[in-house]
file coords31.txt (compact mmCIF, N, CA and C atoms)
# COMPACT_ATOMS: atom_id res chain seq x y z
N MET A 2 94.36 113.55 58.79
CA MET A 2 94.76 114.10 60.08
C MET A 2 96.12 113.52 60.45
N LYS A 3 97.02 114.39 60.93
CA LYS A 3 98.35 113.97 61.36
C LYS A 3 98.57 114.41 62.80
N LEU A 4 99.05 113.50 63.60
CA LEU A 4 99.36 113.81 64.99
C LEU A 4 100.68 114.57 65.04
N GLU A 5 100.66 115.78 65.54
CA GLU A 5 101.86 116.61 65.63
C GLU A 5 102.76 116.16 66.79
N SER A 6 102.17 116.02 67.96
CA SER A 6 102.91 115.55 69.13
C SER A 6 101.92 115.09 70.18
N SER A 7 102.42 114.32 71.13
CA SER A 7 101.55 113.83 72.19
C SER A 7 102.39 113.55 73.43
N THR A 8 101.75 113.70 74.58
CA THR A 8 102.42 113.44 75.85
C THR A 8 101.53 112.58 76.74
N ILE A 9 102.19 111.84 77.59
CA ILE A 9 101.53 111.10 78.66
C ILE A 9 102.05 111.72 79.95
N GLU A 10 101.13 112.05 80.87
CA GLU A 10 101.54 112.73 82.08
C GLU A 10 100.96 112.06 83.32
N LEU A 11 101.73 112.05 84.36
CA LEU A 11 101.27 111.71 85.71
C LEU A 11 101.62 112.91 86.57
N LYS A 12 100.64 113.39 87.34
CA LYS A 12 100.85 114.63 88.09
C LYS A 12 100.68 114.43 89.59
N ASP A 13 101.63 114.97 90.31
CA ASP A 13 101.56 115.08 91.77
C ASP A 13 101.27 113.75 92.46
N ILE A 14 102.05 112.73 92.13
CA ILE A 14 101.95 111.44 92.80
C ILE A 14 102.58 111.61 94.18
N ARG A 15 101.83 111.34 95.22
CA ARG A 15 102.33 111.53 96.59
C ARG A 15 102.83 110.20 97.15
N LEU A 16 104.08 110.22 97.61
CA LEU A 16 104.72 109.02 98.16
C LEU A 16 105.51 109.38 99.41
N TYR A 17 105.66 108.42 100.28
CA TYR A 17 106.52 108.58 101.44
C TYR A 17 107.83 107.87 101.14
N ALA A 18 108.95 108.56 101.35
CA ALA A 18 110.24 107.98 101.00
C ALA A 18 111.32 108.49 101.96
N PHE A 19 112.54 107.98 101.78
CA PHE A 19 113.64 108.22 102.72
C PHE A 19 114.86 108.78 101.99
N HIS A 20 114.72 109.98 101.46
CA HIS A 20 115.82 110.64 100.75
C HIS A 20 116.30 111.85 101.55
N GLY A 21 117.58 112.16 101.40
CA GLY A 21 118.09 113.38 102.02
C GLY A 21 119.55 113.24 102.42
N VAL A 22 120.18 114.38 102.53
CA VAL A 22 121.58 114.42 102.94
C VAL A 22 121.70 114.19 104.44
N LEU A 23 120.73 114.66 105.19
CA LEU A 23 120.77 114.51 106.64
C LEU A 23 120.35 113.10 107.05
N GLU A 24 121.04 112.55 108.05
CA GLU A 24 120.73 111.21 108.55
C GLU A 24 119.28 111.13 109.02
N GLN A 25 118.79 112.18 109.65
CA GLN A 25 117.40 112.23 110.14
C GLN A 25 116.41 112.03 109.00
N GLU A 26 116.67 112.63 107.83
CA GLU A 26 115.76 112.50 106.67
C GLU A 26 115.71 111.05 106.18
N ARG A 27 116.85 110.40 106.17
CA ARG A 27 116.91 109.01 105.69
C ARG A 27 116.33 108.04 106.73
N HIS A 28 116.33 108.45 107.99
CA HIS A 28 115.80 107.59 109.06
C HIS A 28 114.28 107.76 109.22
N VAL A 29 113.82 108.99 109.27
CA VAL A 29 112.41 109.28 109.53
C VAL A 29 111.60 109.30 108.23
N GLY A 30 112.21 109.77 107.17
CA GLY A 30 111.51 109.87 105.89
C GLY A 30 110.66 111.12 105.80
N GLY A 31 110.00 111.25 104.66
CA GLY A 31 109.14 112.40 104.45
C GLY A 31 108.26 112.21 103.23
N GLU A 32 107.39 113.18 103.01
CA GLU A 32 106.45 113.12 101.89
C GLU A 32 107.08 113.76 100.65
N TYR A 33 106.86 113.12 99.52
CA TYR A 33 107.39 113.58 98.24
C TYR A 33 106.27 113.59 97.22
N SER A 34 106.48 114.40 96.20
CA SER A 34 105.58 114.45 95.06
C SER A 34 106.41 114.21 93.80
N VAL A 35 105.87 113.39 92.90
CA VAL A 35 106.54 113.13 91.63
C VAL A 35 105.55 113.41 90.50
N SER A 36 106.01 114.15 89.51
CA SER A 36 105.23 114.38 88.30
C SER A 36 106.12 114.07 87.11
N LEU A 37 105.50 113.60 86.03
CA LEU A 37 106.29 113.37 84.83
C LEU A 37 105.46 113.66 83.59
N ARG A 38 106.18 114.02 82.55
CA ARG A 38 105.60 114.25 81.22
C ARG A 38 106.51 113.57 80.21
N ALA A 39 105.96 112.59 79.49
CA ALA A 39 106.73 111.85 78.50
C ALA A 39 106.16 112.09 77.11
N HIS A 40 107.01 112.50 76.18
CA HIS A 40 106.59 112.59 74.78
C HIS A 40 106.62 111.18 74.19
N TYR A 41 105.46 110.77 73.72
CA TYR A 41 105.29 109.40 73.23
C TYR A 41 104.24 109.45 72.12
N ASN A 42 104.52 108.80 71.02
CA ASN A 42 103.60 108.82 69.90
C ASN A 42 102.40 107.92 70.20
N ILE A 43 101.24 108.53 70.39
CA ILE A 43 100.02 107.77 70.73
C ILE A 43 99.11 107.57 69.52
N ALA A 44 99.63 107.81 68.31
CA ALA A 44 98.80 107.71 67.11
C ALA A 44 98.11 106.35 66.99
N GLN A 45 98.84 105.27 67.23
CA GLN A 45 98.24 103.93 67.12
C GLN A 45 97.16 103.73 68.17
N ALA A 46 97.39 104.19 69.39
CA ALA A 46 96.40 104.05 70.47
C ALA A 46 95.14 104.84 70.18
N MET A 47 95.27 105.96 69.49
CA MET A 47 94.10 106.76 69.11
C MET A 47 93.18 105.96 68.20
N ILE A 48 93.76 105.09 67.40
CA ILE A 48 92.99 104.27 66.45
C ILE A 48 92.53 102.98 67.11
N SER A 49 93.44 102.30 67.80
CA SER A 49 93.17 100.94 68.29
C SER A 49 92.35 100.89 69.58
N ASP A 50 92.46 101.92 70.42
CA ASP A 50 91.84 101.91 71.75
C ASP A 50 92.39 100.75 72.59
N ASN A 51 93.68 100.42 72.38
CA ASN A 51 94.32 99.30 73.05
C ASN A 51 95.46 99.84 73.93
N VAL A 52 95.46 99.49 75.20
CA VAL A 52 96.46 99.98 76.14
C VAL A 52 97.88 99.54 75.75
N ASP A 53 98.00 98.46 74.99
CA ASP A 53 99.33 98.00 74.56
C ASP A 53 99.97 98.94 73.54
N ASP A 54 99.19 99.87 72.99
CA ASP A 54 99.70 100.81 71.99
C ASP A 54 100.06 102.16 72.59
N THR A 55 100.17 102.23 73.90
CA THR A 55 100.50 103.50 74.56
C THR A 55 101.36 103.23 75.79
N LEU A 56 101.69 104.26 76.52
CA LEU A 56 102.38 104.10 77.80
C LEU A 56 101.32 103.83 78.86
N ASN A 57 101.42 102.72 79.50
CA ASN A 57 100.47 102.32 80.53
C ASN A 57 100.79 103.08 81.82
N TYR A 58 99.83 103.85 82.32
CA TYR A 58 100.03 104.63 83.54
C TYR A 58 100.46 103.75 84.71
N ALA A 59 99.89 102.57 84.81
CA ALA A 59 100.22 101.68 85.92
C ALA A 59 101.68 101.25 85.87
N HIS A 60 102.19 101.00 84.67
CA HIS A 60 103.62 100.61 84.54
C HIS A 60 104.52 101.79 84.89
N LEU A 61 104.14 102.99 84.47
CA LEU A 61 104.92 104.17 84.84
C LEU A 61 104.94 104.35 86.36
N LEU A 62 103.79 104.18 86.98
CA LEU A 62 103.70 104.31 88.44
C LEU A 62 104.56 103.27 89.14
N ASP A 63 104.58 102.05 88.63
CA ASP A 63 105.42 101.00 89.23
C ASP A 63 106.89 101.40 89.22
N ILE A 64 107.35 102.00 88.11
CA ILE A 64 108.75 102.44 88.01
C ILE A 64 109.02 103.56 89.01
N ILE A 65 108.11 104.52 89.10
CA ILE A 65 108.27 105.63 90.04
C ILE A 65 108.36 105.09 91.47
N LYS A 66 107.45 104.22 91.85
CA LYS A 66 107.45 103.67 93.20
C LYS A 66 108.73 102.88 93.48
N LYS A 67 109.19 102.09 92.51
CA LYS A 67 110.42 101.31 92.67
C LYS A 67 111.61 102.23 92.94
N GLU A 68 111.76 103.27 92.13
CA GLU A 68 112.91 104.18 92.29
C GLU A 68 112.79 105.04 93.54
N MET A 69 111.59 105.41 93.93
CA MET A 69 111.41 106.20 95.15
C MET A 69 111.71 105.37 96.40
N ASN A 70 111.63 104.05 96.29
CA ASN A 70 111.92 103.17 97.42
C ASN A 70 113.41 102.96 97.64
N VAL A 71 114.25 103.46 96.74
CA VAL A 71 115.70 103.35 96.88
C VAL A 71 116.21 104.66 97.50
N PRO A 72 116.63 104.64 98.77
CA PRO A 72 117.08 105.88 99.41
C PRO A 72 118.26 106.52 98.68
N SER A 73 118.21 107.84 98.56
CA SER A 73 119.28 108.61 97.91
C SER A 73 119.54 109.87 98.72
N ASN A 74 120.74 110.38 98.60
CA ASN A 74 121.05 111.66 99.23
C ASN A 74 120.36 112.81 98.50
N LEU A 75 120.36 112.75 97.17
CA LEU A 75 119.92 113.89 96.36
C LEU A 75 118.68 113.59 95.52
N LEU A 76 117.81 114.58 95.43
CA LEU A 76 116.64 114.47 94.55
C LEU A 76 117.07 114.35 93.09
N GLU A 77 118.21 114.97 92.76
CA GLU A 77 118.75 114.88 91.40
C GLU A 77 118.97 113.41 91.01
N HIS A 78 119.50 112.65 91.94
CA HIS A 78 119.77 111.23 91.70
C HIS A 78 118.47 110.46 91.50
N VAL A 79 117.48 110.73 92.33
CA VAL A 79 116.19 110.04 92.23
C VAL A 79 115.52 110.37 90.90
N ALA A 80 115.45 111.66 90.54
CA ALA A 80 114.80 112.07 89.29
C ALA A 80 115.49 111.47 88.08
N GLY A 81 116.82 111.44 88.10
CA GLY A 81 117.58 110.86 87.00
C GLY A 81 117.32 109.37 86.86
N ARG A 82 117.25 108.67 87.98
CA ARG A 82 116.97 107.22 87.94
C ARG A 82 115.58 106.93 87.39
N ILE A 83 114.60 107.72 87.81
CA ILE A 83 113.23 107.52 87.32
C ILE A 83 113.19 107.70 85.81
N GLY A 84 113.76 108.80 85.32
CA GLY A 84 113.76 109.07 83.88
C GLY A 84 114.49 108.00 83.10
N LYS A 85 115.66 107.60 83.57
CA LYS A 85 116.45 106.58 82.87
C LYS A 85 115.72 105.25 82.83
N ASN A 86 115.13 104.86 83.93
CA ASN A 86 114.41 103.59 83.99
C ASN A 86 113.23 103.59 83.01
N ILE A 87 112.51 104.69 82.92
CA ILE A 87 111.37 104.77 82.00
C ILE A 87 111.85 104.70 80.56
N ILE A 88 112.90 105.43 80.22
CA ILE A 88 113.42 105.39 78.84
C ILE A 88 113.97 104.00 78.51
N ASP A 89 114.66 103.38 79.47
CA ASP A 89 115.17 102.03 79.23
C ASP A 89 114.04 101.01 79.06
N THR A 90 112.97 101.18 79.82
CA THR A 90 111.85 100.24 79.77
C THR A 90 110.96 100.47 78.56
N PHE A 91 110.81 101.73 78.17
CA PHE A 91 109.94 102.09 77.05
C PHE A 91 110.76 102.85 76.01
N PRO A 92 111.47 102.13 75.13
CA PRO A 92 112.40 102.77 74.20
C PRO A 92 111.76 103.72 73.19
N LYS A 93 110.43 103.71 73.07
CA LYS A 93 109.76 104.63 72.14
C LYS A 93 109.47 105.99 72.78
N VAL A 94 109.77 106.14 74.08
CA VAL A 94 109.64 107.45 74.71
C VAL A 94 110.68 108.36 74.09
N GLU A 95 110.24 109.50 73.55
CA GLU A 95 111.15 110.42 72.87
C GLU A 95 111.96 111.25 73.87
N ASP A 96 111.28 111.77 74.86
CA ASP A 96 111.94 112.50 75.94
C ASP A 96 111.01 112.50 77.13
N ILE A 97 111.58 112.83 78.28
CA ILE A 97 110.78 112.81 79.50
C ILE A 97 111.24 113.92 80.43
N GLU A 98 110.28 114.51 81.11
CA GLU A 98 110.56 115.49 82.15
C GLU A 98 110.05 114.91 83.46
N VAL A 99 110.91 114.86 84.45
CA VAL A 99 110.56 114.31 85.76
C VAL A 99 110.78 115.41 86.80
N VAL A 100 109.78 115.62 87.65
CA VAL A 100 109.88 116.58 88.74
C VAL A 100 109.69 115.82 90.05
N VAL A 101 110.70 115.91 90.92
CA VAL A 101 110.61 115.31 92.25
C VAL A 101 110.66 116.44 93.26
N THR A 102 109.65 116.47 94.13
CA THR A 102 109.53 117.54 95.13
C THR A 102 109.54 116.94 96.52
N LYS A 103 110.39 117.49 97.37
CA LYS A 103 110.38 117.13 98.79
C LYS A 103 109.42 118.10 99.48
N ILE A 104 108.32 117.56 100.00
CA ILE A 104 107.32 118.38 100.67
C ILE A 104 107.86 118.74 102.06
N ASN A 105 107.77 120.01 102.40
CA ASN A 105 108.22 120.49 103.72
C ASN A 105 109.65 120.06 104.04
N PRO A 106 110.63 120.48 103.22
CA PRO A 106 112.02 120.12 103.49
C PRO A 106 112.54 120.80 104.76
N PRO A 107 113.57 120.22 105.40
CA PRO A 107 114.08 120.78 106.66
C PRO A 107 114.94 122.03 106.43
N LEU A 108 114.28 123.14 106.13
CA LEU A 108 114.99 124.39 105.86
C LEU A 108 114.82 125.41 106.97
N GLY A 109 114.01 125.10 107.98
CA GLY A 109 113.80 126.04 109.07
C GLY A 109 112.73 127.08 108.76
N VAL A 110 112.08 126.96 107.63
CA VAL A 110 110.96 127.84 107.26
C VAL A 110 109.88 126.97 106.63
N ARG A 111 108.66 127.48 106.62
CA ARG A 111 107.59 126.76 105.94
C ARG A 111 107.67 127.06 104.44
N CYS A 112 107.59 126.02 103.65
CA CYS A 112 107.54 126.20 102.20
C CYS A 112 106.79 125.03 101.58
N ALA A 113 106.30 125.22 100.38
CA ALA A 113 105.52 124.17 99.70
C ALA A 113 106.40 122.99 99.30
N GLY A 114 107.69 123.22 99.14
CA GLY A 114 108.57 122.13 98.80
C GLY A 114 109.81 122.59 98.07
N ALA A 115 110.76 121.69 97.97
CA ALA A 115 111.98 121.91 97.20
C ALA A 115 111.98 120.87 96.08
N SER A 116 112.17 121.32 94.84
CA SER A 116 112.03 120.43 93.68
C SER A 116 113.28 120.39 92.83
N VAL A 117 113.40 119.28 92.13
CA VAL A 117 114.40 119.11 91.07
C VAL A 117 113.63 118.65 89.83
N THR A 118 113.96 119.26 88.69
CA THR A 118 113.36 118.88 87.42
C THR A 118 114.47 118.45 86.48
N VAL A 119 114.28 117.29 85.85
CA VAL A 119 115.22 116.84 84.82
C VAL A 119 114.45 116.63 83.53
N HIS A 120 115.08 116.98 82.43
CA HIS A 120 114.52 116.74 81.09
C HIS A 120 115.53 115.87 80.36
N LEU A 121 115.15 114.63 80.10
CA LEU A 121 116.04 113.67 79.46
C LEU A 121 115.54 113.35 78.06
N ILE A 122 116.46 113.30 77.11
CA ILE A 122 116.13 112.98 75.73
C ILE A 122 116.63 111.57 75.42
N ASN A 123 115.77 110.76 74.83
CA ASN A 123 116.15 109.40 74.46
C ASN A 123 117.04 109.47 73.22
N ASP A 124 118.30 109.15 73.38
CA ASP A 124 119.26 109.21 72.27
C ASP A 124 118.82 108.34 71.10
N LYS A 125 118.18 107.22 71.37
CA LYS A 125 117.77 106.31 70.30
C LYS A 125 116.72 106.95 69.40
N THR A 126 115.70 107.59 70.00
CA THR A 126 114.67 108.22 69.17
C THR A 126 115.22 109.47 68.49
N LEU A 127 116.16 110.15 69.12
CA LEU A 127 116.79 111.32 68.52
C LEU A 127 117.53 110.92 67.26
N ARG A 128 118.31 109.84 67.33
CA ARG A 128 119.04 109.36 66.16
C ARG A 128 118.08 108.95 65.04
N GLN A 129 116.97 108.30 65.39
CA GLN A 129 116.00 107.90 64.38
C GLN A 129 115.43 109.12 63.65
N LYS A 130 115.12 110.17 64.40
CA LYS A 130 114.60 111.40 63.81
C LYS A 130 115.63 112.03 62.87
N GLU A 131 116.92 112.03 63.29
CA GLU A 131 117.97 112.59 62.46
C GLU A 131 118.11 111.84 61.15
N VAL A 132 118.03 110.51 61.20
CA VAL A 132 118.14 109.69 60.00
C VAL A 132 116.99 109.99 59.05
N PHE A 133 115.78 110.07 59.58
CA PHE A 133 114.61 110.32 58.74
C PHE A 133 114.64 111.72 58.15
N SER A 134 115.16 112.69 58.89
CA SER A 134 115.17 114.06 58.39
C SER A 134 116.21 114.25 57.27
N ARG A 135 117.21 113.36 57.19
CA ARG A 135 118.23 113.47 56.14
C ARG A 135 117.74 112.91 54.81
N LYS A 136 116.72 112.09 54.84
CA LYS A 136 116.24 111.44 53.61
C LYS A 136 115.46 112.38 52.74
call {"tool": "encode", "arguments": {"input": "coords31.txt", "output": "structure tokens"}}
result
Amino acid sequence: MKLESSTIELKDIRLYAFHGVLEQERHVGGEYSVSLRAHYNIAQAMISDNVDDTLNYAHLLDIIKKEMNVPSNLLEHVAGRIGKNIIDTFPKVEDIEVVVTKINPPLGVRCAGASVTVHLINDKTLRQKEVFSRK
């Protein structure tokens, strides 16, 4: 049996934070949702049943909470920081998709939210794949 691909996901993490272009948003804050999907080889964890052989959900959540606690004007900035921090912390992450949603943004209409999605590729794992594919 060969593992083709695997992902670790956290979905719809609800947090209160202080992001936004408007001063009111940064002062009062609002509710946000964060979801992520990371491609990570879990083959060893499938065999070992050891949390050290996979991406620990609690560590991912700690990074998300840390970055959400840093006020930003743009969701793009927050999503990029979350993805970069995860790739920097877990260099075996191949790529990651991060979705940050502002629940009930100040648009003057009711809506489920305004979201930004980033898909970041870990250059280090990409280079490793290229080297192996040339052999």
call {"tool": "axis_aligned_box", "arguments": {"input": "coords31.txt", "around": "stretch 70-85 of chain A", "padding_each_side": "4 Å", "output": "lines of an AutoDock Vina configuration file"}}
result
center_x = 116.3
center_y = 109.0
center_z = 91.1
size_x = 17.4
size_y = 20.0
size_z = 24.6
call {"tool": "residues_around", "arguments": {"input": "coords31.txt", "residues": "A:Leu75", "least_positions_apart": "4", "cutoff": "8 Å", "atoms": "all atoms listed in the file", "output": "list in words"}}
result
His20, Gly21, Val22, Val79, Ala80 and Gly81 of chain A
call {"tool": "write_last_selection", "arguments": {"input": "coords31.txt", "atoms": "N, CA and C atoms", "output": "compact mmCIF listing (two decimals), in the coordinates of the input"}}
result
# COMPACT_ATOMS: atom_id res chain seq x y z
N HIS A 20 114.72 109.98 101.46
CA HIS A 20 115.82 110.64 100.75
C HIS A 20 116.30 111.85 101.55
N GLY A 21 117.58 112.16 101.40
CA GLY A 21 118.09 113.38 102.02
C GLY A 21 119.55 113.24 102.42
N VAL A 22 120.18 114.38 102.53
CA VAL A 22 121.58 114.42 102.94
C VAL A 22 121.70 114.19 104.44
N VAL A 79 117.48 110.73 92.33
CA VAL A 79 116.19 110.04 92.23
C VAL A 79 115.52 110.37 90.90
N ALA A 80 115.45 111.66 90.54
CA ALA A 80 114.80 112.07 89.29
C ALA A 80 115.49 111.47 88.08
N GLY A 81 116.82 111.44 88.10
CA GLY A 81 117.58 110.86 87.00
C GLY A 81 117.32 109.37 86.86
call {"tool": "atom_distance", "arguments": {"input": "coords31.txt", "atom1": "atom N of A:Asp124", "atom2": "atom CA of A:Val99"}}
result
15.5 Å
call {"tool": "atom_distance", "arguments": {"input": "coords31.txt", "atom1": "atom C of A:Lys66", "atom2": "atom N of A:Gly109"}}
result
27.1 Å
call {"tool": "select_by_dssp", "arguments": {"input": "coords31.txt", "residues": "chain A", "states": "strand (DSSP E or B)", "output": "JSON, numbers by chain"}}
result
{"A": [8, 9, 10, 11, 12, 13, 14, 15, 16, 17, 18, 31, 32, 33, 34, 35, 36, 37, 38, 39, 40, 96, 97, 98, 99, 100, 101, 102, 103, 115, 116, 117, 118, 119, 120, 121, 122]}
call {"tool": "closest_residue", "arguments": {"input": "coords31.txt", "among": "A:Tyr17, A:Ala44, A:Tyr33, A:Ser7", "to": "A:Lys103", "atoms": "all atoms listed in the file"}}
result
A:Tyr33
call {"tool": "atom_distance", "arguments": {"input": "coords31.txt", "atom1": "atom CA of A:Ile87", "atom2": "atom CA of A:Ala18"}}
result
19.3 Å
call {"tool": "select_by_dssp", "arguments": {"input": "coords31.txt", "residues": "chain A", "states": "alpha helix (DSSP H)", "output": "PyMOL selection string"}}
result
chain A and resi 24-29+44-49+58-69+76-90+124-135
call {"tool": "write_last_selection", "arguments": {"input": "coords31.txt", "atoms": "N, CA and C atoms", "output": "short mmCIF file (atom, residue, chain, number, x, y, z; two decimals), in the frame of the given file"}}
result
data_model
loop_
_atom_site.label_atom_id
_atom_site.label_comp_id
_atom_site.auth_asym_id
_atom_site.auth_seq_id
_atom_site.Cartn_x
_atom_site.Cartn_y
_atom_site.Cartn_z
N GLU A 24 121.04 112.55 108.05
CA GLU A 24 120.73 111.21 108.55
C GLU A 24 119.28 111.13 109.02
N GLN A 25 118.79 112.18 109.65
CA GLN A 25 117.40 112.23 110.14
C GLN A 25 116.41 112.03 109.00
N GLU A 26 116.67 112.63 107.83
CA GLU A 26 115.76 112.50 106.67
C GLU A 26 115.71 111.05 106.18
N ARG A 27 116.85 110.40 106.17
CA ARG A 27 116.91 109.01 105.69
C ARG A 27 116.33 108.04 106.73
N HIS A 28 116.33 108.45 107.99
CA HIS A 28 115.80 107.59 109.06
C HIS A 28 114.28 107.76 109.22
N VAL A 29 113.82 108.99 109.27
CA VAL A 29 112.41 109.28 109.53
C VAL A 29 111.60 109.30 108.23
N ALA A 44 99.63 107.81 68.31
CA ALA A 44 98.80 107.71 67.11
C ALA A 44 98.11 106.35 66.99
N GLN A 45 98.84 105.27 67.23
CA GLN A 45 98.24 103.93 67.12
C GLN A 45 97.16 103.73 68.17
N ALA A 46 97.39 104.19 69.39
CA ALA A 46 96.40 104.05 70.47
C ALA A 46 95.14 104.84 70.18
N MET A 47 95.27 105.96 69.49
CA MET A 47 94.10 106.76 69.11
C MET A 47 93.18 105.96 68.20
N ILE A 48 93.76 105.09 67.40
CA ILE A 48 92.99 104.27 66.45
C ILE A 48 92.53 102.98 67.11
N SER A 49 93.44 102.30 67.80
CA SER A 49 93.17 100.94 68.29
C SER A 49 92.35 100.89 69.58
N TYR A 58 99.83 103.85 82.32
CA TYR A 58 100.03 104.63 83.54
C TYR A 58 100.46 103.75 84.71
N ALA A 59 99.89 102.57 84.81
CA ALA A 59 100.22 101.68 85.92
C ALA A 59 101.68 101.25 85.87
N HIS A 60 102.19 101.00 84.67
CA HIS A 60 103.62 100.61 84.54
C HIS A 60 104.52 101.79 84.89
N LEU A 61 104.14 102.99 84.47
CA LEU A 61 104.92 104.17 84.84
C LEU A 61 104.94 104.35 86.36
N LEU A 62 103.79 104.18 86.98
CA LEU A 62 103.70 104.31 88.44
C LEU A 62 104.56 103.27 89.14
N ASP A 63 104.58 102.05 88.63
CA ASP A 63 105.42 101.00 89.23
C ASP A 63 106.89 101.40 89.22
N ILE A 64 107.35 102.00 88.11
CA ILE A 64 108.75 102.44 88.01
C ILE A 64 109.02 103.56 89.01
N ILE A 65 108.11 104.52 89.10
CA ILE A 65 108.27 105.63 90.04
C ILE A 65 108.36 105.09 91.47
N LYS A 66 107.45 104.22 91.85
CA LYS A 66 107.45 103.67 93.20
C LYS A 66 108.73 102.88 93.48
N LYS A 67 109.19 102.09 92.51
CA LYS A 67 110.42 101.31 92.67
C LYS A 67 111.61 102.23 92.94
N GLU A 68 111.76 103.27 92.13
CA GLU A 68 112.91 104.18 92.29
C GLU A 68 112.79 105.04 93.54
N MET A 69 111.59 105.41 93.93
CA MET A 69 111.41 106.20 95.15
C MET A 69 111.71 105.37 96.40
N LEU A 76 117.81 114.58 95.43
CA LEU A 76 116.64 114.47 94.55
C LEU A 76 117.07 114.35 93.09
N GLU A 77 118.21 114.97 92.76
CA GLU A 77 118.75 114.88 91.40
C GLU A 77 118.97 113.41 91.01
N HIS A 78 119.50 112.65 91.94
CA HIS A 78 119.77 111.23 91.70
C HIS A 78 118.47 110.46 91.50
N VAL A 79 117.48 110.73 92.33
CA VAL A 79 116.19 110.04 92.23
C VAL A 79 115.52 110.37 90.90
N ALA A 80 115.45 111.66 90.54
CA ALA A 80 114.80 112.07 89.29
C ALA A 80 115.49 111.47 88.08
N GLY A 81 116.82 111.44 88.10
CA GLY A 81 117.58 110.86 87.00
C GLY A 81 117.32 109.37 86.86
N ARG A 82 117.25 108.67 87.98
CA ARG A 82 116.97 107.22 87.94
C ARG A 82 115.58 106.93 87.39
N ILE A 83 114.60 107.72 87.81
CA ILE A 83 113.23 107.52 87.32
C ILE A 83 113.19 107.70 85.81
N GLY A 84 113.76 108.80 85.32
CA GLY A 84 113.76 109.07 83.88
C GLY A 84 114.49 108.00 83.10
N LYS A 85 115.66 107.60 83.57
CA LYS A 85 116.45 106.58 82.87
C LYS A 85 115.72 105.25 82.83
N ASN A 86 115.13 104.86 83.93
CA ASN A 86 114.41 103.59 83.99
C ASN A 86 113.23 103.59 83.01
N ILE A 87 112.51 104.69 82.92
CA ILE A 87 111.37 104.77 82.00
C ILE A 87 111.85 104.70 80.56
N ILE A 88 112.90 105.43 80.22
CA ILE A 88 113.42 105.39 78.84
C ILE A 88 113.97 104.00 78.51
N ASP A 89 114.66 103.38 79.47
CA ASP A 89 115.17 102.03 79.23
C ASP A 89 114.04 101.01 79.06
N THR A 90 112.97 101.18 79.82
CA THR A 90 111.85 100.24 79.77
C THR A 90 110.96 100.47 78.56
N ASP A 124 118.30 109.15 73.38
CA ASP A 124 119.26 109.21 72.27
C ASP A 124 118.82 108.34 71.10
N LYS A 125 118.18 107.22 71.37
CA LYS A 125 117.77 106.31 70.30
C LYS A 125 116.72 106.95 69.40
N THR A 126 115.70 107.59 70.00
CA THR A 126 114.67 108.22 69.17
C THR A 126 115.22 109.47 68.49
N LEU A 127 116.16 110.15 69.12
CA LEU A 127 116.79 111.32 68.52
C LEU A 127 117.53 110.92 67.26
N ARG A 128 118.31 109.84 67.33
CA ARG A 128 119.04 109.36 66.16
C ARG A 128 118.08 108.95 65.04
N GLN A 129 116.97 108.30 65.39
CA GLN A 129 116.00 107.90 64.38
C GLN A 129 115.43 109.12 63.65
N LYS A 130 115.12 110.17 64.40
CA LYS A 130 114.60 111.40 63.81
C LYS A 130 115.63 112.03 62.87
N GLU A 131 116.92 112.03 63.29
CA GLU A 131 117.97 112.59 62.46
C GLU A 131 118.11 111.84 61.15
N VAL A 132 118.03 110.51 61.20
CA VAL A 132 118.14 109.69 60.00
C VAL A 132 116.99 109.99 59.05
N PHE A 133 115.78 110.07 59.58
CA PHE A 133 114.61 110.32 58.74
C PHE A 133 114.64 111.72 58.15
N SER A 134 115.16 112.69 58.89
CA SER A 134 115.17 114.06 58.39
C SER A 134 116.21 114.25 57.27
N ARG A 135 117.21 113.36 57.19
CA ARG A 135 118.23 113.47 56.14
C ARG A 135 117.74 112.91 54.81
#
call {"tool": "closest_residue", "arguments": {"input": "coords31.txt", "among": "A:Ile65, A:Leu4, A:Val35, A:Val71", "to": "A:Thr118", "atoms": "only C-alpha atoms"}}
result
A:Val35
call {"tool": "closest_residue", "arguments": {"input": "coords31.txt", "among": "A:Ala113, A:Val94, A:Leu76, A:Ile43", "to": "A:Lys125", "atoms": "only N, CA and C atoms"}}
result
A:Val94
